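Read the structure below first, then the notes.
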Amino acid sequence: MPTLTRTASRRRPRLTEDIVPFSECRSNLAACFARVNETHRPLIVTRKGRADAVLVSAADFDPLMDVFLLADTVRKSRKEIAEGRGVDHETAMRQFRERHGI
């Protein structure tokens with residue numbers, strides 16, 4: 001699981017530099033790939049003047065997905081607790097130890 005420190009894979013796009021029209025991205029796809037790999041910043045691709053897609057390097061995608069999945073797990077856990085389906089720490093630890101033979 002990634003740490004939540006500011007790393008290269010978590011750089012925000014620069015709105016003055018990291019927005020390109022679809023036609024430019026299509027015409028210069030290799031350059032766009034090189035750009036996201038070198039800068040570690042996502043590239044926002046527009047169509048008809050509106051953001052339509054985001055290009056992210058493969059190396060930066062996995063850590064982003066880890067963060068998204070962690071956030072989703074926290075959201076689901078909070079919902080379960082609000083619905084009264086949570087368990088206290090001692091119960092959770094006892095269940096963990098039983099499940100793993102500790």
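The chains in the structure tokens are called A, B, ... from first to last as shown; in each chain the residues are counted from 1, and the ligands are counted from 1 in the order shown.
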Could you pull out the residues in chain A that DSSP calls alpha helix (DSSP H) from the backbone, as a PyMOL selection string?
chain A and resi 22-27+29-39+58-82+89-100
Would you write out those residues with N, CA and C atoms, as a compact mmCIF listing (two decimals), in the first residue's frame?
# COMPACT_ATOMS: atom_id res chain seq x y z
N PHE A 22 -7.58 17.15 -28.12
CA PHE A 22 -7.52 15.78 -28.62
C PHE A 22 -6.73 15.70 -29.92
N SER A 23 -6.97 16.62 -30.83
CA SER A 23 -6.29 16.58 -32.13
C SER A 23 -4.77 16.69 -31.97
N GLU A 24 -4.32 17.53 -31.04
CA GLU A 24 -2.88 17.66 -30.78
C GLU A 24 -2.32 16.39 -30.16
N CYS A 25 -3.06 15.82 -29.23
CA CYS A 25 -2.62 14.58 -28.58
C CYS A 25 -2.54 13.46 -29.61
N ARG A 26 -3.54 13.36 -30.46
CA ARG A 26 -3.55 12.32 -31.49
C ARG A 26 -2.36 12.49 -32.45
N SER A 27 -2.10 13.72 -32.84
CA SER A 27 -1.00 13.99 -33.78
C SER A 27 0.38 13.78 -33.16
N LEU A 29 1.10 11.69 -30.27
CA LEU A 29 0.87 10.72 -29.19
C LEU A 29 2.17 10.27 -28.52
N ALA A 30 3.19 10.00 -29.29
CA ALA A 30 4.46 9.56 -28.69
C ALA A 30 5.03 10.65 -27.77
N ALA A 31 4.92 11.90 -28.19
CA ALA A 31 5.41 13.01 -27.37
C ALA A 31 4.58 13.14 -26.09
N CYS A 32 3.28 12.91 -26.20
CA CYS A 32 2.42 12.96 -25.00
C CYS A 32 2.79 11.85 -24.03
N PHE A 33 3.05 10.65 -24.56
CA PHE A 33 3.48 9.54 -23.70
C PHE A 33 4.79 9.90 -23.00
N ALA A 34 5.73 10.42 -23.75
CA ALA A 34 7.03 10.79 -23.17
C ALA A 34 6.84 11.85 -22.09
N ARG A 35 5.96 12.79 -22.35
CA ARG A 35 5.71 13.88 -21.40
C ARG A 35 5.20 13.38 -20.05
N VAL A 36 4.18 12.51 -20.08
CA VAL A 36 3.64 12.03 -18.80
C VAL A 36 4.63 11.13 -18.08
N ASN A 37 5.47 10.42 -18.83
CA ASN A 37 6.50 9.59 -18.20
C ASN A 37 7.61 10.42 -17.59
N GLU A 38 7.96 11.52 -18.21
CA GLU A 38 9.05 12.38 -17.71
C GLU A 38 8.59 13.28 -16.57
N THR A 39 7.40 13.86 -16.69
CA THR A 39 6.94 14.83 -15.69
C THR A 39 6.22 14.19 -14.52
N ALA A 58 1.91 4.57 -17.02
CA ALA A 58 1.62 3.28 -16.40
C ALA A 58 2.25 3.18 -15.01
N ALA A 59 3.45 3.73 -14.86
CA ALA A 59 4.14 3.68 -13.56
C ALA A 59 3.38 4.47 -12.49
N ASP A 60 2.68 5.51 -12.90
CA ASP A 60 1.94 6.33 -11.94
C ASP A 60 0.52 5.82 -11.72
N PHE A 61 0.03 4.98 -12.61
CA PHE A 61 -1.35 4.50 -12.51
C PHE A 61 -1.55 3.57 -11.32
N ASP A 62 -0.66 2.60 -11.10
CA ASP A 62 -0.82 1.64 -10.00
C ASP A 62 -0.92 2.31 -8.64
N PRO A 63 -0.01 3.23 -8.28
CA PRO A 63 -0.15 3.88 -6.99
C PRO A 63 -1.45 4.68 -6.86
N LEU A 64 -1.91 5.28 -7.97
CA LEU A 64 -3.18 6.00 -7.93
C LEU A 64 -4.33 5.06 -7.64
N MET A 65 -4.32 3.90 -8.26
CA MET A 65 -5.37 2.91 -8.01
C MET A 65 -5.33 2.43 -6.56
N ASP A 66 -4.13 2.25 -6.00
CA ASP A 66 -4.02 1.85 -4.60
C ASP A 66 -4.70 2.88 -3.70
N VAL A 67 -4.47 4.15 -3.98
CA VAL A 67 -5.08 5.21 -3.17
C VAL A 67 -6.59 5.21 -3.34
N PHE A 68 -7.08 5.05 -4.57
CA PHE A 68 -8.52 5.00 -4.82
C PHE A 68 -9.16 3.82 -4.08
N LEU A 69 -8.51 2.66 -4.14
CA LEU A 69 -9.06 1.49 -3.47
C LEU A 69 -9.05 1.66 -1.95
N LEU A 70 -8.00 2.27 -1.41
CA LEU A 70 -7.95 2.54 0.02
C LEU A 70 -9.08 3.49 0.42
N ALA A 71 -9.29 4.55 -0.36
CA ALA A 71 -10.36 5.50 -0.07
C ALA A 71 -11.72 4.82 -0.12
N ASP A 72 -11.91 3.91 -1.07
CA ASP A 72 -13.18 3.18 -1.17
C ASP A 72 -13.39 2.27 0.03
N THR A 73 -12.32 1.64 0.50
CA THR A 73 -12.41 0.78 1.68
C THR A 73 -12.79 1.60 2.91
N VAL A 74 -12.19 2.77 3.06
CA VAL A 74 -12.52 3.65 4.19
C VAL A 74 -13.98 4.09 4.10
N ARG A 75 -14.43 4.46 2.90
CA ARG A 75 -15.83 4.88 2.71
C ARG A 75 -16.79 3.76 3.11
N LYS A 76 -16.51 2.53 2.66
CA LYS A 76 -17.38 1.40 2.99
C LYS A 76 -17.36 1.11 4.48
N SER A 77 -16.18 1.22 5.11
CA SER A 77 -16.06 0.98 6.55
C SER A 77 -16.86 1.99 7.34
N ARG A 78 -16.77 3.25 6.95
CA ARG A 78 -17.55 4.30 7.65
C ARG A 78 -19.04 4.05 7.52
N LYS A 79 -19.47 3.60 6.35
CA LYS A 79 -20.89 3.30 6.15
C LYS A 79 -21.32 2.15 7.05
N GLU A 80 -20.50 1.10 7.13
CA GLU A 80 -20.82 -0.04 7.98
C GLU A 80 -20.91 0.38 9.45
N ILE A 81 -19.98 1.22 9.89
CA ILE A 81 -20.00 1.70 11.28
C ILE A 81 -21.26 2.51 11.53
N ALA A 82 -21.61 3.39 10.60
CA ALA A 82 -22.82 4.21 10.75
C ALA A 82 -24.07 3.35 10.80
N HIS A 89 -12.30 -2.69 18.72
CA HIS A 89 -10.92 -3.10 18.42
C HIS A 89 -10.59 -4.48 18.99
N GLU A 90 -10.96 -4.73 20.25
CA GLU A 90 -10.64 -6.02 20.86
C GLU A 90 -11.29 -7.17 20.09
N THR A 91 -12.55 -7.00 19.69
CA THR A 91 -13.25 -8.04 18.95
C THR A 91 -12.58 -8.27 17.60
N ALA A 92 -12.23 -7.19 16.92
CA ALA A 92 -11.57 -7.30 15.61
C ALA A 92 -10.23 -8.02 15.74
N MET A 93 -9.46 -7.69 16.77
CA MET A 93 -8.16 -8.34 16.96
C MET A 93 -8.33 -9.81 17.31
N ARG A 94 -9.31 -10.13 18.15
CA ARG A 94 -9.56 -11.54 18.50
C ARG A 94 -9.95 -12.32 17.25
N GLN A 95 -10.84 -11.76 16.43
CA GLN A 95 -11.25 -12.44 15.19
C GLN A 95 -10.06 -12.61 14.23
N PHE A 96 -9.21 -11.60 14.16
CA PHE A 96 -8.04 -11.67 13.31
C PHE A 96 -7.10 -12.80 13.76
N ARG A 97 -6.84 -12.84 15.10
CA ARG A 97 -5.95 -13.87 15.63
C ARG A 97 -6.54 -15.28 15.40
N GLU A 98 -7.84 -15.43 15.60
CA GLU A 98 -8.47 -16.73 15.38
C GLU A 98 -8.39 -17.13 13.91
N ARG A 99 -8.65 -16.19 13.04
CA ARG A 99 -8.65 -16.46 11.60
C ARG A 99 -7.26 -16.85 11.10
N HIS A 100 -6.22 -16.27 11.71
CA HIS A 100 -4.85 -16.51 11.25
C HIS A 100 -4.04 -17.41 12.17
Non-local contacts of region 52-54 of chain A (10 Å; only C-alpha atoms; under 2 positions in same chain excluded) as an MDAnalysis selection string:
chainID A and resid 18:19 21:22 42:50 56
As an MDAnalysis selection string, please: all residues of region 38-101 of chain A that backbone DSSP puts in strand (DSSP E).
chainID A and resid 43:47 50:55
With only C-alpha atoms as the basis for distance, which of A:Val20, A:Arg41, A:Val87, A:Arg11 is at the shortest distance from Ser57 (chain A)?
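Distance minimum relative to Ser57 (chain A) lands on A:Arg41.
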Among listed residues A:Glu17, A:Arg12, A:Gly84, A:Asn28, nearest His40 (chain A) (using only C-alpha atoms)
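With only C-alpha atoms as the atom set, the closest residue is A:Arg12.
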